$ cat structure20.txt   # compact mmCIF, C-alpha atoms
# COMPACT_ATOMS: atom_id res chain seq x y z
CA MET A 28 -55.94 -45.39 -15.94
CA SER A 29 -53.71 -47.94 -14.30
CA ARG A 30 -54.50 -50.33 -11.52
CA ILE A 31 -52.19 -49.73 -8.59
CA LEU A 32 -51.66 -52.01 -5.60
CA CYS A 33 -49.91 -50.50 -2.62
CA ILE A 34 -48.36 -53.08 -0.30
CA SER A 35 -47.77 -51.70 3.19
CA ARG A 36 -45.74 -53.99 5.44
CA HIS A 37 -44.56 -51.83 8.33
CA SER A 38 -45.94 -50.97 11.74
CA PRO A 39 -47.73 -47.64 12.15
CA TYR A 40 -45.37 -45.47 14.17
CA GLN A 41 -41.76 -46.65 14.31
CA THR A 42 -40.98 -45.25 10.85
CA SER A 43 -42.86 -43.01 8.44
CA SER A 44 -43.50 -45.97 6.11
CA ALA A 45 -47.15 -46.65 7.04
CA CYS A 46 -48.09 -43.00 6.78
CA ASP A 47 -46.15 -42.58 3.52
CA ALA A 48 -48.00 -45.54 2.04
CA LEU A 49 -51.40 -44.12 3.04
CA ASP A 50 -50.50 -40.73 1.58
CA ALA A 51 -49.52 -42.39 -1.68
CA VAL A 52 -52.77 -44.36 -1.77
CA LEU A 53 -54.84 -41.24 -1.08
CA ALA A 54 -52.95 -39.38 -3.82
CA ALA A 55 -53.66 -42.21 -6.26
CA GLY A 56 -57.33 -42.11 -5.31
CA ALA A 57 -57.46 -38.33 -5.72
CA PHE A 58 -55.81 -38.81 -9.12
CA ASP A 59 -58.68 -41.10 -10.20
CA GLN A 60 -56.53 -44.19 -10.42
CA GLU A 61 -57.90 -47.58 -9.50
CA VAL A 62 -55.94 -48.13 -6.30
CA SER A 63 -56.09 -50.74 -3.55
CA LEU A 64 -54.16 -51.14 -0.32
CA LEU A 65 -52.82 -54.41 1.05
CA LEU A 66 -51.71 -54.55 4.67
CA MET A 67 -49.42 -57.45 5.47
CA ASN A 68 -46.70 -58.48 7.92
CA GLU A 69 -46.23 -55.70 10.52
CA GLY A 70 -48.57 -53.55 8.42
CA VAL A 71 -51.62 -55.25 9.91
CA TRP A 72 -50.97 -53.42 13.21
CA GLN A 73 -52.03 -50.24 11.39
CA ALA A 74 -55.63 -51.46 11.30
CA ILE A 75 -56.28 -52.44 14.93
CA LYS A 76 -58.73 -50.64 17.21
CA ASN A 77 -58.03 -48.38 20.17
CA GLN A 78 -54.85 -46.73 18.95
CA GLN A 79 -53.98 -43.40 20.58
CA ALA A 80 -51.49 -41.96 18.14
CA SER A 81 -51.64 -38.56 19.79
CA LEU A 82 -49.58 -39.99 22.68
CA LEU A 83 -46.73 -40.11 20.18
CA GLY A 84 -47.51 -36.77 18.60
CA ARG A 85 -48.81 -38.52 15.50
CA THR A 86 -52.40 -38.16 14.46
CA GLY A 87 -52.29 -39.18 10.84
CA ILE A 88 -52.95 -42.85 10.44
CA GLY A 89 -56.50 -43.27 11.77
CA LYS A 90 -57.75 -40.19 9.94
CA LYS A 91 -56.07 -41.24 6.73
CA MET A 92 -57.49 -44.75 6.98
CA ALA A 93 -60.95 -43.30 7.51
CA ALA A 94 -60.49 -41.12 4.43
CA LEU A 95 -59.66 -44.03 2.11
CA PRO A 96 -63.23 -44.62 0.86
CA LEU A 97 -63.80 -40.86 0.41
CA PHE A 98 -60.83 -40.77 -1.95
CA GLY A 99 -62.19 -43.58 -4.04
CA VAL A 100 -59.73 -46.19 -2.81
CA LYS A 101 -61.22 -49.34 -4.16
CA GLN A 102 -60.43 -51.90 -1.51
CA VAL A 103 -58.38 -52.50 1.61
CA TYR A 104 -57.03 -56.04 1.81
CA ILE A 105 -55.58 -57.63 4.91
CA HIS A 106 -53.26 -60.61 4.72
CA THR A 107 -54.87 -63.27 6.90
CA PRO A 108 -51.69 -65.23 7.79
CA SER A 109 -50.15 -61.98 9.12
CA LEU A 110 -53.25 -61.36 11.28
CA THR A 111 -53.31 -64.91 12.61
CA GLN A 112 -49.59 -64.92 13.37
CA ARG A 113 -50.16 -61.86 15.59
CA GLY A 114 -53.17 -63.32 17.41
CA LEU A 115 -55.53 -60.87 15.69
CA THR A 116 -58.94 -61.44 14.12
CA ARG A 117 -61.37 -59.37 12.07
CA ASP A 118 -62.86 -58.19 15.37
CA SER A 119 -59.52 -56.59 16.29
CA LEU A 120 -59.75 -54.20 13.35
CA HIS A 121 -61.16 -50.68 13.29
CA LEU A 122 -62.03 -50.89 9.60
CA ASP A 123 -65.23 -52.67 8.60
CA ALA A 124 -64.94 -52.78 4.86
CA VAL A 125 -61.77 -54.83 4.64
CA GLN A 126 -61.29 -58.04 2.72
CA LEU A 127 -59.16 -60.74 4.29
CA VAL A 128 -56.90 -62.53 1.81
CA THR A 129 -54.80 -65.70 1.80
CA ASN A 130 -51.34 -66.13 0.25
CA ASN A 131 -52.92 -67.43 -2.94
CA GLU A 132 -55.32 -64.51 -3.10
CA VAL A 133 -52.41 -62.07 -2.67
CA ARG A 134 -50.66 -63.72 -5.63
CA THR A 135 -53.82 -63.23 -7.70
CA LEU A 136 -54.14 -59.62 -6.50
CA ILE A 137 -50.60 -58.80 -7.63
CA GLN A 138 -51.40 -60.26 -11.03
CA GLN A 139 -54.54 -58.14 -11.33
CA HIS A 140 -52.67 -54.85 -10.93
CA ASP A 141 -50.40 -52.94 -13.31
CA GLN A 142 -48.09 -51.27 -10.82
CA LEU A 143 -46.93 -52.08 -7.30
CA LEU A 144 -45.99 -49.47 -4.75
CA SER A 145 -43.89 -51.19 -2.08
CA PHE A 146 -43.85 -49.76 1.43
CA MET B 17 -47.76 -62.63 -15.24
CA SER B 18 -44.63 -62.72 -13.12
CA THR B 19 -43.15 -60.69 -10.32
CA LEU B 20 -39.55 -59.85 -9.51
CA HIS B 21 -39.11 -59.80 -5.75
CA THR B 22 -36.15 -57.83 -4.42
CA VAL B 23 -35.12 -58.41 -0.80
CA ASN B 24 -32.60 -56.16 0.95
CA LYS B 25 -32.65 -57.44 4.53
CA SER B 26 -30.68 -60.30 6.06
CA PRO B 27 -32.92 -63.26 7.00
CA PHE B 28 -30.74 -63.71 10.08
CA GLU B 29 -32.44 -60.66 11.64
CA ASN B 30 -35.53 -59.92 9.58
CA ASN B 31 -38.58 -61.73 8.15
CA SER B 32 -38.63 -60.00 4.75
CA LEU B 33 -37.21 -63.00 2.90
CA THR B 34 -39.52 -65.43 4.72
CA SER B 35 -42.54 -63.28 3.84
CA CYS B 36 -41.38 -63.00 0.25
CA LEU B 37 -40.94 -66.76 -0.09
CA GLN B 38 -44.53 -67.33 1.06
CA LEU B 39 -45.83 -65.36 -1.90
CA CYS B 40 -43.48 -66.54 -4.66
CA SER B 41 -44.89 -68.79 -7.30
CA GLY B 42 -45.04 -69.60 -10.97
CA GLU B 43 -42.69 -67.52 -13.06
CA ASP B 44 -41.54 -65.25 -10.23
CA SER B 45 -37.88 -64.57 -9.48
CA ILE B 46 -36.12 -63.43 -6.35
CA LEU B 47 -33.17 -61.02 -6.35
CA LEU B 48 -31.21 -60.64 -3.13
CA ILE B 49 -29.57 -57.20 -2.82
CA GLU B 50 -27.74 -55.27 -0.08
CA ASP B 51 -27.99 -57.23 3.22
CA GLY B 52 -30.47 -59.52 1.49
CA THR B 53 -27.43 -61.23 -0.07
CA TYR B 54 -26.74 -62.96 3.29
CA GLY B 55 -29.92 -64.90 2.58
CA GLY B 56 -28.18 -66.72 -0.27
CA CYS B 57 -25.62 -68.32 2.03
CA GLU B 58 -25.59 -72.04 2.67
CA SER B 59 -26.38 -71.32 6.33
CA SER B 60 -29.37 -69.11 5.48
CA PRO B 61 -32.32 -69.56 7.88
CA CYS B 62 -34.46 -69.71 4.72
CA ARG B 63 -32.37 -72.42 3.07
CA GLU B 64 -35.11 -75.08 3.09
CA PRO B 65 -37.96 -73.06 1.54
CA LEU B 66 -35.46 -71.43 -0.80
CA THR B 67 -34.25 -74.81 -2.06
CA ARG B 68 -37.84 -76.02 -2.42
CA LEU B 69 -38.78 -72.98 -4.52
CA MET B 70 -35.67 -73.40 -6.69
CA GLU B 71 -36.69 -77.01 -7.30
CA ASP B 72 -40.11 -75.67 -8.37
CA GLY B 73 -38.37 -73.51 -10.97
CA ILE B 74 -38.18 -70.15 -9.17
CA ASN B 75 -34.93 -68.39 -10.06
CA VAL B 76 -32.99 -66.98 -7.13
CA TYR B 77 -30.39 -64.33 -7.96
CA VAL B 78 -27.86 -62.48 -5.87
CA LEU B 79 -26.52 -59.06 -6.84
CA GLU B 80 -22.84 -59.75 -7.41
CA ASN B 81 -21.67 -56.27 -6.42
CA ASP B 82 -23.32 -56.55 -3.00
CA ALA B 83 -22.21 -60.16 -2.39
CA SER B 84 -18.60 -59.32 -3.34
CA ALA B 85 -18.61 -56.26 -1.10
CA ARG B 86 -19.56 -58.53 1.81
CA GLY B 87 -17.07 -61.31 0.99
CA LEU B 88 -19.83 -63.85 0.44
CA HIS B 89 -18.72 -65.71 -2.67
CA THR B 90 -17.53 -68.86 -0.90
CA PHE B 91 -20.67 -68.99 1.27
CA LEU B 92 -23.34 -68.67 -1.42
CA GLN B 93 -25.13 -71.83 -2.49
CA GLY B 94 -27.36 -72.62 -5.45
CA VAL B 95 -27.95 -68.99 -6.41
CA GLU B 96 -27.10 -67.22 -9.64
CA LEU B 97 -25.03 -64.04 -9.60
CA VAL B 98 -26.21 -61.01 -11.60
CA ASP B 99 -24.71 -57.56 -12.12
CA TYR B 100 -26.67 -54.29 -12.35
CA PRO B 101 -27.32 -54.68 -16.10
CA GLY B 102 -28.72 -58.12 -15.21
CA PHE B 103 -30.89 -56.52 -12.49
CA VAL B 104 -32.30 -54.18 -15.15
CA LYS B 105 -33.01 -57.08 -17.49
CA LEU B 106 -34.85 -58.94 -14.72
CA SER B 107 -36.95 -55.81 -14.09
CA CYS B 108 -37.96 -55.82 -17.73
CA THR B 109 -38.69 -59.52 -18.07
CA HIS B 110 -41.06 -59.53 -15.07
CA GLN B 111 -44.33 -57.61 -15.18
CA CYS B 112 -43.95 -55.96 -11.80
CA ILE B 113 -41.43 -55.52 -9.02
CA GLN B 114 -42.14 -55.95 -5.33
CA SER B 115 -39.48 -54.64 -2.94
CA TRP B 116 -39.26 -56.36 0.42
CA TYR B 117 -37.41 -54.16 2.89
CA MET C 23 -37.46 -52.97 -26.39
CA PRO C 24 -36.88 -49.79 -24.37
CA MET C 25 -39.14 -49.44 -21.34
CA LYS C 26 -40.27 -46.52 -19.23
CA PHE C 27 -39.47 -46.68 -15.52
CA THR C 28 -40.57 -44.75 -12.48
CA VAL C 29 -37.92 -45.10 -9.78
CA VAL C 30 -38.84 -44.44 -6.13
CA ILE C 31 -36.00 -43.78 -3.68
CA LEU C 32 -36.86 -44.07 0.01
CA GLY C 33 -33.44 -44.11 1.67
CA ALA C 34 -31.15 -41.26 2.71
CA PRO C 35 -27.60 -41.16 1.33
CA GLU C 36 -26.28 -41.86 4.82
CA GLY C 37 -27.52 -44.73 6.99
CA SER C 38 -29.07 -46.74 4.17
CA LEU C 39 -27.83 -48.39 0.99
CA SER C 40 -31.00 -47.85 -0.99
CA SER C 41 -29.89 -44.57 -2.55
CA ARG C 42 -26.69 -46.16 -3.83
CA SER C 43 -28.49 -49.24 -5.15
CA ALA C 44 -31.03 -47.02 -6.92
CA LEU C 45 -28.28 -44.88 -8.45
CA GLU C 46 -26.39 -47.90 -9.81
CA PHE C 47 -29.65 -49.34 -11.13
CA CYS C 48 -30.49 -46.07 -12.92
CA HIS C 49 -27.05 -45.95 -14.55
CA ALA C 50 -27.50 -49.50 -15.87
CA LEU C 51 -31.06 -48.70 -16.96
CA LEU C 52 -30.02 -45.67 -19.01
CA GLU C 53 -27.00 -47.46 -20.49
CA GLN C 54 -29.45 -50.05 -21.85
CA ASN C 55 -31.43 -47.20 -23.45
CA HIS C 56 -34.44 -47.53 -21.19
CA GLN C 57 -36.15 -44.33 -20.11
CA ILE C 58 -36.69 -42.92 -16.66
CA GLU C 59 -40.08 -41.26 -16.66
CA ARG C 60 -39.41 -39.78 -13.26
CA LEU C 61 -37.21 -40.19 -10.21
CA PHE C 62 -39.34 -39.76 -7.12
CA PHE C 63 -37.55 -39.08 -3.83
CA TYR C 64 -39.83 -39.86 -0.91
CA ALA C 65 -39.54 -40.47 2.85
CA ASP C 66 -35.86 -40.24 3.93
CA GLY C 67 -34.96 -40.36 0.24
CA VAL C 68 -35.56 -36.60 0.12
CA HIS C 69 -32.15 -36.09 1.79
CA ASN C 70 -30.52 -37.04 -1.52
CA ALA C 71 -31.70 -33.68 -2.83
CA SER C 72 -29.88 -31.65 -0.20
CA SER C 73 -27.13 -29.42 -1.57
CA LEU C 74 -25.57 -29.16 1.90
CA ILE C 75 -24.29 -32.71 2.35
CA ALA C 76 -20.51 -32.80 2.74
CA PRO C 77 -19.19 -36.37 3.02
CA PRO C 78 -15.50 -37.16 3.70
CA GLN C 79 -13.35 -37.03 0.55
CA ASP C 80 -12.71 -40.78 0.45
CA GLU C 81 -16.42 -41.63 0.58
CA ALA C 82 -19.03 -41.58 -2.16
CA ASP C 83 -20.94 -38.31 -2.51
CA LEU C 84 -24.36 -39.67 -3.44
CA PRO C 85 -26.22 -36.34 -3.70
CA ALA C 86 -23.49 -35.12 -6.11
CA SER C 87 -23.69 -38.36 -8.11
CA TRP C 88 -27.48 -38.05 -8.38
CA SER C 89 -27.16 -34.47 -9.59
CA GLN C 90 -24.60 -35.53 -12.17
CA LEU C 91 -26.85 -38.31 -13.46
CA ILE C 92 -29.91 -36.07 -13.54
CA ASN C 93 -28.06 -33.36 -15.46
CA GLU C 94 -26.33 -35.73 -17.84
CA TYR C 95 -29.58 -37.44 -18.90
CA LYS C 96 -31.87 -34.44 -18.25
CA LEU C 97 -34.01 -36.52 -15.90
CA ASP C 98 -37.14 -35.37 -14.15
CA ALA C 99 -36.28 -35.57 -10.44
CA VAL C 100 -39.16 -34.82 -8.10
CA VAL C 101 -38.84 -34.59 -4.33
CA CYS C 102 -42.03 -35.12 -2.34
CA ILE C 103 -42.76 -31.70 -0.90
CA ALA C 104 -44.49 -32.90 2.28
CA ALA C 105 -41.69 -35.36 3.08
CA ALA C 106 -39.07 -32.71 2.26
CA LEU C 107 -40.51 -29.94 4.43
CA LYS C 108 -40.70 -32.30 7.43
CA ARG C 109 -37.02 -33.12 6.95
CA GLY C 110 -35.69 -29.64 6.32
CA ILE C 111 -35.26 -29.78 2.55
CA LEU C 112 -36.52 -26.45 1.17
CA ASP C 113 -36.40 -24.55 -2.08
CA HIS C 114 -36.44 -20.75 -2.18
CA ASN C 115 -40.25 -20.56 -2.33
CA GLU C 116 -40.66 -22.70 0.76
CA GLN C 117 -37.87 -20.84 2.54
CA THR C 118 -39.80 -17.61 2.01
CA ARG C 119 -43.16 -19.17 2.86
CA TYR C 120 -41.97 -20.63 6.16
CA GLU C 121 -39.54 -17.80 6.93
CA LYS C 122 -36.52 -20.09 7.29
CA ASN C 123 -32.94 -18.90 7.06
CA ALA C 124 -31.78 -21.12 4.19
CA ALA C 125 -32.85 -23.10 1.15
CA ASN C 126 -30.94 -26.27 0.33
CA LEU C 127 -32.73 -28.07 -2.49
CA GLY C 128 -30.25 -29.04 -5.22
CA ALA C 129 -30.74 -27.14 -8.48
CA CYS C 130 -31.71 -30.17 -10.58
CA PHE C 131 -34.50 -31.29 -8.22
CA SER C 132 -38.01 -29.93 -7.89
CA LEU C 133 -40.44 -30.09 -4.98
CA SER C 134 -43.89 -31.38 -5.80
CA GLY C 135 -46.72 -33.55 -4.54
CA LEU C 136 -47.38 -37.27 -4.52
CA GLY C 137 -49.57 -36.83 -7.59
CA GLN C 138 -46.29 -36.69 -9.52
CA LEU C 139 -45.47 -40.23 -8.38
CA ILE C 140 -48.88 -41.50 -9.41
CA ALA C 141 -48.85 -39.66 -12.74
CA ALA C 142 -45.41 -41.05 -13.61
CA SER C 143 -46.27 -44.55 -12.48
CA SER C 144 -49.49 -44.60 -14.50
CA VAL C 145 -47.62 -43.98 -17.76
CA SER C 146 -44.62 -46.20 -16.93
CA ASP C 147 -44.06 -49.83 -17.87
CA ARG C 148 -42.44 -50.47 -14.50
CA THR C 149 -42.35 -48.86 -11.07
CA ILE C 150 -39.46 -49.90 -8.86
CA THR C 151 -39.01 -48.94 -5.22
CA PHE C 152 -35.68 -48.85 -3.42
CA GLY C 153 -36.66 -49.21 0.23
CA SER C 154 -34.47 -48.18 3.13
$ encode --input "structure20.txt" --output "structure tokens"
Amino acid sequence: MSRILCISRHSPYQTSSACDALDAVLAAGAFDQEVSLLLMNEGVWQAIKNQQASLLGRTGIGKKMAALPLFGVKQVYIHTPSLTQRGLTRDSLHLDAVQLVTNNEVRTLIQQHDQLLSF
Amino acid sequence: MSTLHTVNKSPFENNSLTSCLQLCSGEDSILLIEDGTYGGCESSPCREPLTRLMEDGINVYVLENDASARGLHTFLQGVELVDYPGFVKLSCTHQCIQSWY
Amino acid sequence: MPMKFTVVILGAPEGSLSSRSALEFCHALLEQNHQIERLFFYADGVHNASSLIAPPQDEADLPASWSQLINEYKLDAVVCIAAALKRGILDHNEQTRYEKNAANLGACFSLSGLGQLIAASSVSDRTITFGS
């Protein structure tokens, strides 16, 4: 088993990147790998409340995010400086079980994993 | 444990390099590829943090093929050029590779 | 020491440089006797597996170059099936299943799921992504 960290840095709808990252994380979870997701930079927009993706004909992200624990995804990390820079706080997020991390903690996280998936 | 960071966007229009620089430390290296090579220019918006990291011992490389294609040789400052075989070697000497795009 | 790589390609042959960068990287990798556990074409990268791309003669034909590399080194080249179907890259099975009028997946590629990325990555020394 390898420890996989998926780093997702793009906003939820403009490209397929956010969705692709979530699919990869869910696949890793289904494959019994120890996988975690880190949202940073524009990626933090994926986690905010009150999104209505159906207005854009996209339904995936919220459902996929909700499925993360069911697929055994170990942890969702959110890069605090990216949140702060966008005027967001923990209260802005629709996920409860997230862990906010600093730059230093992200460095440690990367070191604790065997493989990085960059999205 | 070290990370190779590849960056393929120009810092003149994108924050990928800035974000990458915030996470670089220790034995990490940075490789600028594609439009990321513009970030190695003397006029780079990231020049200050880049210089600081280089002083701290972080190696900053530019993919020669991509810099040459863009006519950047006379504008690059303080960075080391590598070819594709060098890119491969960097991928092997670092434990993981984070792509900033 | 030779290492095992999983290479993820996210960019289309046209409109992005990531496919070309990945191809050059793979050539250098194999010339240094490293192994490619799997090429995984995902997101817009699936377009590299189309057999219907016809670039002008004086421009690089990336899908043809990928096929050449894959055949020469007998590489395992997997195209994410979900990403491919959304973008109109089909093999004969999918053509029949969805009742479409053509199949265009290059002969040296295979359609499969994201599990193939995870499986390859978990046995590789390195995973490298070429983003678009």
$ interface_residues --input "structure20.txt" --of "chain A" --to "chain B" --cutoff "9 Å" --atoms "all atoms listed in the file" --output "list in words"
Ile34, Arg36, Asn68, Asn130, Asn131, Val133, Arg134, Ile137, Gln138, His140, Asp141, Gln142, Leu143, Leu144, Ser145 and Phe146 of chain A
$ atom_distance --input "structure20.txt" --atom1 "atom CA of Asp118 of chain A" --atom2 "atom CA of Ala54 of chain A"
28.6 Å
$ interface_residues --input "structure20.txt" --of "chain C" --to "chain A" --cutoff "7 Å" --atoms "only C-alpha atoms" --output "mmCIF file with C-alpha atoms, keeping the file's coordinate frame"
data_model
loop_
_atom_site.group_PDB
_atom_site.id
_atom_site.type_symbol
_atom_site.label_atom_id
_atom_site.label_comp_id
_atom_site.auth_asym_id
_atom_site.auth_seq_id
_atom_site.Cartn_x
_atom_site.Cartn_y
_atom_site.Cartn_z
ATOM 1 C CA ALA C 65 -39.540 -40.470 2.850
ATOM 2 C CA LEU C 136 -47.380 -37.270 -4.520
ATOM 3 C CA GLY C 137 -49.570 -36.830 -7.590
ATOM 4 C CA ILE C 140 -48.880 -41.500 -9.410
ATOM 5 C CA SER C 144 -49.490 -44.600 -14.500
ATOM 6 C CA ARG C 148 -42.440 -50.470 -14.500
ATOM 7 C CA THR C 149 -42.350 -48.860 -11.070
ATOM 8 C CA THR C 151 -39.010 -48.940 -5.220
#
$ interface_residues --input "structure20.txt" --of "chain C" --to "chain B" --cutoff "10 Å" --atoms "only C-alpha atoms" --output "ChimeraX atom specification"
/C:23-27,38-40,42-43,46-54,56,147-154
$ residues_around --input "structure20.txt" --residues "segment 72-86 of chain A" --least-positions-apart "6" --cutoff "10 Å" --atoms "all atoms listed in the file" --output "PyMOL selection string"
chain A and resi 35-40+45-46+66+92+105+109-110+113+115-122+125
$ residues_around --input "structure20.txt" --residues "Ser45 of chain B" --least-positions-apart "2" --cutoff "7 Å" --atoms "all atoms listed in the file" --output "PDB file with C-alpha atoms, in the coordinates of the input"
ATOM      1  CA  THR B  19     -43.150 -60.690 -10.320  1.00  0.00           C
ATOM      2  CA  LEU B  20     -39.550 -59.850  -9.510  1.00  0.00           C
ATOM      3  CA  HIS B  21     -39.110 -59.800  -5.750  1.00  0.00           C
ATOM      4  CA  GLU B  43     -42.690 -67.520 -13.060  1.00  0.00           C
ATOM      5  CA  LEU B  47     -33.170 -61.020  -6.350  1.00  0.00           C
ATOM      6  CA  ILE B  74     -38.180 -70.150  -9.170  1.00  0.00           C
ATOM      7  CA  ASN B  75     -34.930 -68.390 -10.060  1.00  0.00           C
ATOM      8  CA  VAL B  76     -32.990 -66.980  -7.130  1.00  0.00           C
TER       9      VAL B  76
END
$ residues_around --input "structure20.txt" --residues "segment 106-109 of chain C" --least-positions-apart "6" --cutoff "10 Å" --atoms "only C-alpha atoms" --output "number ranges by chain"
C: 63-69, 71-72, 116-117, 120, 127, 133-134
$ atom_distance --input "structure20.txt" --atom1 "atom CA of Gly89 of chain A" --atom2 "atom CA of Ala124 of chain A"
14.5 Å
